[in-house]
Amino acid sequence: MVEIVRADYRNPKHAEAIVSLLKIYALDPMGGSSALSEPVAKALIDKLAAFPTAFSLLALVDNQPAGLANCFDGFSTFAAKPLINIHDIVVAPEFRGQGVAKALFAEIEVIAREKDACKLTLEVLEGNRPAQALYASLGFGDYVLDPEQGKALFWQKKF
């Protein structure tokens, strides 16, 4: 049985689970295969707590942290409504295939409806076929405004 909890950044157990699961994600090839630095791990919870649009969900299986979703409220100017960006989604390897991600997404949708959001957004690597299959089964797809112009691309510039 998967239990989804809206994380409280002030709760030490929640904070520890968030950092632990994010460390697992960072080491995974889909998270970049690089350890989360200690300064980031130490600052993460305080920074999330101070970020007004952040919220996190924890998935627990038998009271063990099994999955995490870090999300941020945004805004769609074309719909004049809020949106939710799912920034991180991770399921610990030993809990994969048990419906953890689906349970996280179901709760994200509940929150989106509570906020009257117009959409959910996320990014996925081209090579992450299992995640793409899951996301497609949940109704996600390419971002296209005009098919003649093609799919939207996600770019970044690091500082």
# chains A, B, ... in the order shown; residues from 1 in each chain; ligands from 1
call {"tool": "residues_around", "arguments": {"residues": "region 34-51 of chain A", "least_positions_apart": "3", "cutoff": "7 Å", "atoms": "only C-alpha atoms", "output": "PyMOL selection string"}}
result
chain A and resi 9+15+19+23+26-27+54
call {"tool": "write_last_selection", "arguments": {"atoms": "N, CA and C atoms", "output": "PDB file, in the first residue's frame"}}
result
ATOM      1  N   TYR A   9       8.319  20.681   5.339  1.00  0.00           N
ATOM      2  CA  TYR A   9       9.757  20.908   5.347  1.00  0.00           C
ATOM      3  C   TYR A   9      10.321  21.070   6.760  1.00  0.00           C
ATOM      4  N   ALA A  15      12.130  15.949   5.929  1.00  0.00           N
ATOM      5  CA  ALA A  15      13.329  16.579   5.379  1.00  0.00           C
ATOM      6  C   ALA A  15      14.381  15.526   5.032  1.00  0.00           C
ATOM      7  N   VAL A  19      15.806  14.643   1.112  1.00  0.00           N
ATOM      8  CA  VAL A  19      17.229  14.692   0.745  1.00  0.00           C
ATOM      9  C   VAL A  19      17.719  13.306   0.325  1.00  0.00           C
ATOM     10  N   LYS A  23      19.094  12.367  -3.382  1.00  0.00           N
ATOM     11  CA  LYS A  23      20.444  11.823  -3.572  1.00  0.00           C
ATOM     12  C   LYS A  23      20.398  10.574  -4.460  1.00  0.00           C
ATOM     13  N   ALA A  26      19.862  11.788  -8.022  1.00  0.00           N
ATOM     14  CA  ALA A  26      21.058  12.406  -8.601  1.00  0.00           C
ATOM     15  C   ALA A  26      22.059  11.358  -9.079  1.00  0.00           C
ATOM     16  N   LEU A  27      22.151  10.240  -8.377  1.00  0.00           N
ATOM     17  CA  LEU A  27      23.096   9.182  -8.752  1.00  0.00           C
ATOM     18  C   LEU A  27      22.608   8.325  -9.912  1.00  0.00           C
ATOM     19  N   ALA A  54       7.026  26.332  -3.822  1.00  0.00           N
ATOM     20  CA  ALA A  54       7.470  24.934  -3.771  1.00  0.00           C
ATOM     21  C   ALA A  54       6.540  24.086  -2.916  1.00  0.00           C
TER      22      ALA A  54
END
call {"tool": "select_by_dssp", "arguments": {"residues": "region 50-120 of chain A", "states": "alpha helix (DSSP H)", "output": "list in words"}}
result
Ala50, Val100, Ala101, Lys102, Ala103, Leu104, Phe105, Ala106, Glu107, Ile108, Glu109, Val110, Ile111, Ala112, Arg113 and Glu114 of chain A
call {"tool": "atom_distance", "arguments": {"atom1": "CA of Ile86 (chain A)", "atom2": "CA of Leu122 (chain A)"}}
result
5.0 Å
call {"tool": "residues_around", "arguments": {"residues": "Gly67 (chain A)", "least_positions_apart": "4", "cutoff": "6 Å", "atoms": "only C-alpha atoms", "output": "list in words"}}
result
Leu58, Ala59, Val90 and Val91 of chain A
call {"tool": "atom_distance", "arguments": {"atom1": "CA of Asp73 (chain A)", "atom2": "CA of Asn85 (chain A)"}}
result
6.3 Å
call {"tool": "atom_distance", "arguments": {"atom1": "CA of Arg96 (chain A)", "atom2": "CA of Ile108 (chain A)"}}
result
18.5 Å
call {"tool": "residues_around", "arguments": {"residues": "region 137-142 of chain A", "least_positions_apart": "2", "cutoff": "10 Å", "atoms": "only C-alpha atoms", "output": "count of residues only"}}
result
19
call {"tool": "residues_around", "arguments": {"residues": "Ile84 (chain A)", "least_positions_apart": "4", "cutoff": "12 Å", "atoms": "only C-alpha atoms", "output": "VMD selection string"}}
result
chain A and resid 53 to 56 69 to 76 88 105 108 to 122
call {"tool": "write_last_selection", "arguments": {"atoms": "N, CA, C and O atoms", "output": "mmCIF file, in the first residue's frame"}}
result
data_model
loop_
_atom_site.group_PDB
_atom_site.id
_atom_site.type_symbol
_atom_site.label_atom_id
_atom_site.label_comp_id
_atom_site.auth_asym_id
_atom_site.auth_seq_id
_atom_site.Cartn_x
_atom_site.Cartn_y
_atom_site.Cartn_z
ATOM 1 N N THR A 53 6.580 29.019 -3.842
ATOM 2 C CA THR A 53 5.740 28.205 -4.723
ATOM 3 C C THR A 53 6.105 26.723 -4.697
ATOM 4 O O THR A 53 5.535 25.941 -5.451
ATOM 5 N N ALA A 54 7.026 26.332 -3.822
ATOM 6 C CA ALA A 54 7.470 24.934 -3.771
ATOM 7 C C ALA A 54 6.540 24.086 -2.916
ATOM 8 O O ALA A 54 6.018 24.538 -1.903
ATOM 9 N N PHE A 55 6.354 22.852 -3.369
ATOM 10 C CA PHE A 55 5.738 21.839 -2.511
ATOM 11 C C PHE A 55 6.282 20.483 -2.910
ATOM 12 O O PHE A 55 6.686 20.267 -4.056
ATOM 13 N N SER A 56 6.349 19.589 -1.942
ATOM 14 C CA SER A 56 6.895 18.252 -2.166
ATOM 15 C C SER A 56 5.922 17.216 -1.646
ATOM 16 O O SER A 56 5.222 17.436 -0.659
ATOM 17 N N ALA A 69 8.146 13.684 -5.156
ATOM 18 C CA ALA A 69 7.854 14.645 -6.227
ATOM 19 C C ALA A 69 8.100 16.035 -5.660
ATOM 20 O O ALA A 69 7.534 16.390 -4.624
ATOM 21 N N ASN A 70 8.982 16.787 -6.301
ATOM 22 C CA ASN A 70 9.196 18.194 -5.978
ATOM 23 C C ASN A 70 8.530 19.009 -7.069
ATOM 24 O O ASN A 70 8.825 18.831 -8.257
ATOM 25 N N CYS A 71 7.624 19.888 -6.669
ATOM 26 C CA CYS A 71 6.813 20.644 -7.622
ATOM 27 C C CYS A 71 6.864 22.138 -7.308
ATOM 28 O O CYS A 71 7.139 22.524 -6.169
ATOM 29 N N PHE A 72 6.548 22.922 -8.335
ATOM 30 C CA PHE A 72 6.533 24.374 -8.184
ATOM 31 C C PHE A 72 5.323 24.938 -8.915
ATOM 32 O O PHE A 72 5.032 24.543 -10.046
ATOM 33 N N ASP A 73 4.637 25.846 -8.246
ATOM 34 C CA ASP A 73 3.542 26.550 -8.889
ATOM 35 C C ASP A 73 4.113 27.531 -9.898
ATOM 36 O O ASP A 73 5.115 28.191 -9.636
ATOM 37 N N GLY A 74 3.465 27.610 -11.034
ATOM 38 C CA GLY A 74 3.800 28.588 -12.059
ATOM 39 C C GLY A 74 2.524 29.255 -12.527
ATOM 40 O O GLY A 74 1.470 29.147 -11.884
ATOM 41 N N PHE A 75 2.610 29.899 -13.661
ATOM 42 C CA PHE A 75 1.454 30.624 -14.178
ATOM 43 C C PHE A 75 1.457 30.564 -15.697
ATOM 44 O O PHE A 75 2.487 30.761 -16.338
ATOM 45 N N SER A 76 0.297 30.275 -16.272
ATOM 46 C CA SER A 76 0.130 30.280 -17.727
ATOM 47 C C SER A 76 -0.490 31.602 -18.149
ATOM 48 O O SER A 76 -1.633 31.894 -17.793
ATOM 49 N N ASP A 88 11.010 17.378 -10.030
ATOM 50 C CA ASP A 88 11.682 16.105 -9.738
ATOM 51 C C ASP A 88 10.626 15.059 -9.457
ATOM 52 O O ASP A 88 9.672 15.318 -8.721
ATOM 53 N N PHE A 105 1.560 10.990 -8.890
ATOM 54 C CA PHE A 105 0.887 11.788 -9.918
ATOM 55 C C PHE A 105 -0.589 12.003 -9.581
ATOM 56 O O PHE A 105 -1.135 13.080 -9.836
ATOM 57 N N ILE A 108 -0.670 14.802 -7.143
ATOM 58 C CA ILE A 108 -0.338 16.065 -7.813
ATOM 59 C C ILE A 108 -1.572 16.588 -8.551
ATOM 60 O O ILE A 108 -1.866 17.788 -8.512
ATOM 61 N N GLU A 109 -2.319 15.699 -9.185
ATOM 62 C CA GLU A 109 -3.538 16.126 -9.880
ATOM 63 C C GLU A 109 -4.587 16.651 -8.905
ATOM 64 O O GLU A 109 -5.283 17.615 -9.210
ATOM 65 N N VAL A 110 -4.703 16.043 -7.733
ATOM 66 C CA VAL A 110 -5.627 16.553 -6.711
ATOM 67 C C VAL A 110 -5.243 17.986 -6.341
ATOM 68 O O VAL A 110 -6.086 18.886 -6.296
ATOM 69 N N ILE A 111 -3.972 18.205 -6.108
ATOM 70 C CA ILE A 111 -3.487 19.541 -5.749
ATOM 71 C C ILE A 111 -3.718 20.517 -6.898
ATOM 72 O O ILE A 111 -4.147 21.658 -6.677
ATOM 73 N N ALA A 112 -3.464 20.079 -8.130
ATOM 74 C CA ALA A 112 -3.684 20.950 -9.292
ATOM 75 C C ALA A 112 -5.143 21.387 -9.379
ATOM 76 O O ALA A 112 -5.435 22.560 -9.646
ATOM 77 N N ARG A 113 -6.053 20.466 -9.130
ATOM 78 C CA ARG A 113 -7.480 20.817 -9.163
ATOM 79 C C ARG A 113 -7.838 21.756 -8.001
ATOM 80 O O ARG A 113 -8.645 22.668 -8.168
ATOM 81 N N GLU A 114 -7.244 21.543 -6.839
ATOM 82 C CA GLU A 114 -7.469 22.448 -5.702
ATOM 83 C C GLU A 114 -7.038 23.873 -6.050
ATOM 84 O O GLU A 114 -7.653 24.838 -5.612
ATOM 85 N N LYS A 115 -5.973 23.990 -6.822
ATOM 86 C CA LYS A 115 -5.418 25.302 -7.176
ATOM 87 C C LYS A 115 -6.024 25.855 -8.470
ATOM 88 O O LYS A 115 -5.618 26.927 -8.913
ATOM 89 N N ASP A 116 -6.951 25.106 -9.067
ATOM 90 C CA ASP A 116 -7.547 25.481 -10.347
ATOM 91 C C ASP A 116 -6.484 25.666 -11.430
ATOM 92 O O ASP A 116 -6.559 26.576 -12.262
ATOM 93 N N ALA A 117 -5.485 24.800 -11.408
ATOM 94 C CA ALA A 117 -4.410 24.857 -12.399
ATOM 95 C C ALA A 117 -4.919 24.420 -13.767
ATOM 96 O O ALA A 117 -5.823 23.582 -13.868
ATOM 97 N N CYS A 118 -4.338 24.990 -14.793
ATOM 98 C CA CYS A 118 -4.753 24.657 -16.154
ATOM 99 C C CYS A 118 -3.967 23.479 -16.732
ATOM 100 O O CYS A 118 -4.411 22.844 -17.690
ATOM 101 N N LYS A 119 -2.783 23.204 -16.146
ATOM 102 C CA LYS A 119 -1.988 22.092 -16.670
ATOM 103 C C LYS A 119 -0.865 21.739 -15.710
ATOM 104 O O LYS A 119 -0.529 22.499 -14.800
ATOM 105 N N LEU A 120 -0.313 20.564 -15.961
ATOM 106 C CA LEU A 120 0.902 20.090 -15.310
ATOM 107 C C LEU A 120 1.992 20.056 -16.368
ATOM 108 O O LEU A 120 1.723 19.693 -17.519
ATOM 109 N N THR A 121 3.192 20.428 -15.983
ATOM 110 C CA THR A 121 4.324 20.344 -16.907
ATOM 111 C C THR A 121 5.433 19.529 -16.254
ATOM 112 O O THR A 121 5.529 19.449 -15.023
ATOM 113 N N LEU A 122 6.252 18.921 -17.088
ATOM 114 C CA LEU A 122 7.429 18.199 -16.632
ATOM 115 C C LEU A 122 8.389 18.073 -17.792
ATOM 116 O O LEU A 122 8.036 18.346 -18.946
#
call {"tool": "closest_residue", "arguments": {"among": "A:Asp8, A:Glu126, A:Asp62, A:Asp146", "to": "Phe95 (chain A)", "atoms": "only C-alpha atoms"}}
result
A:Asp62
call {"tool": "closest_residue", "arguments": {"among": "A:Asp28, A:Glu148, A:Glu16, A:Glu3", "to": "Ala101 (chain A)", "atoms": "only C-alpha atoms"}}
result
A:Glu3
call {"tool": "closest_residue", "arguments": {"among": "A:Leu57, A:Ala136, A:Ala7, A:Val2", "to": "Gly97 (chain A)", "atoms": "only C-alpha atoms"}}
result
A:Val2
call {"tool": "select_by_dssp", "arguments": {"residues": "chain A", "states": "strand (DSSP E)", "output": "mmCIF file with C-alpha atoms, in the first residue's frame"}}
result
data_model
loop_
_atom_site.group_PDB
_atom_site.id
_atom_site.type_symbol
_atom_site.label_atom_id
_atom_site.label_comp_id
_atom_site.auth_asym_id
_atom_site.auth_seq_id
_atom_site.Cartn_x
_atom_site.Cartn_y
_atom_site.Cartn_z
ATOM 1 C CA VAL A 2 1.385 3.387 -1.053
ATOM 2 C CA GLU A 3 0.669 6.366 1.190
ATOM 3 C CA ILE A 4 1.195 9.870 -0.207
ATOM 4 C CA VAL A 5 2.082 12.621 2.234
ATOM 5 C CA ARG A 6 2.276 16.339 1.549
ATOM 6 C CA ALA A 54 7.470 24.934 -3.771
ATOM 7 C CA PHE A 55 5.738 21.839 -2.511
ATOM 8 C CA SER A 56 6.895 18.252 -2.166
ATOM 9 C CA LEU A 57 5.111 14.940 -1.908
ATOM 10 C CA LEU A 58 6.517 11.832 -0.300
ATOM 11 C CA ALA A 59 5.401 8.318 -1.143
ATOM 12 C CA LEU A 60 5.682 5.883 1.733
ATOM 13 C CA VAL A 61 5.494 2.102 1.526
ATOM 14 C CA GLN A 64 9.557 3.727 4.304
ATOM 15 C CA PRO A 65 10.333 6.614 1.894
ATOM 16 C CA ALA A 66 9.744 5.150 -1.551
ATOM 17 C CA GLY A 67 9.195 8.146 -3.827
ATOM 18 C CA LEU A 68 9.358 11.903 -4.094
ATOM 19 C CA ALA A 69 7.854 14.645 -6.227
ATOM 20 C CA ASN A 70 9.196 18.194 -5.978
ATOM 21 C CA CYS A 71 6.813 20.644 -7.622
ATOM 22 C CA PHE A 72 6.533 24.374 -8.184
ATOM 23 C CA ASP A 73 3.542 26.550 -8.889
ATOM 24 C CA GLY A 74 3.800 28.588 -12.059
ATOM 25 C CA PHE A 75 1.454 30.624 -14.178
ATOM 26 C CA SER A 76 0.130 30.280 -17.727
ATOM 27 C CA LYS A 81 -4.400 30.367 -14.570
ATOM 28 C CA PRO A 82 -1.870 28.648 -12.369
ATOM 29 C CA LEU A 83 0.095 25.628 -13.557
ATOM 30 C CA ILE A 84 2.218 23.119 -11.705
ATOM 31 C CA ASN A 85 5.679 22.125 -12.855
ATOM 32 C CA ILE A 86 6.805 18.708 -11.662
ATOM 33 C CA HIS A 87 10.512 19.384 -11.303
ATOM 34 C CA ASP A 88 11.682 16.105 -9.738
ATOM 35 C CA ILE A 89 9.994 12.740 -9.667
ATOM 36 C CA VAL A 90 11.867 9.792 -8.237
ATOM 37 C CA VAL A 91 11.048 6.302 -7.078
ATOM 38 C CA LEU A 120 0.902 20.090 -15.310
ATOM 39 C CA THR A 121 4.324 20.344 -16.907
ATOM 40 C CA LEU A 122 7.429 18.199 -16.632
#
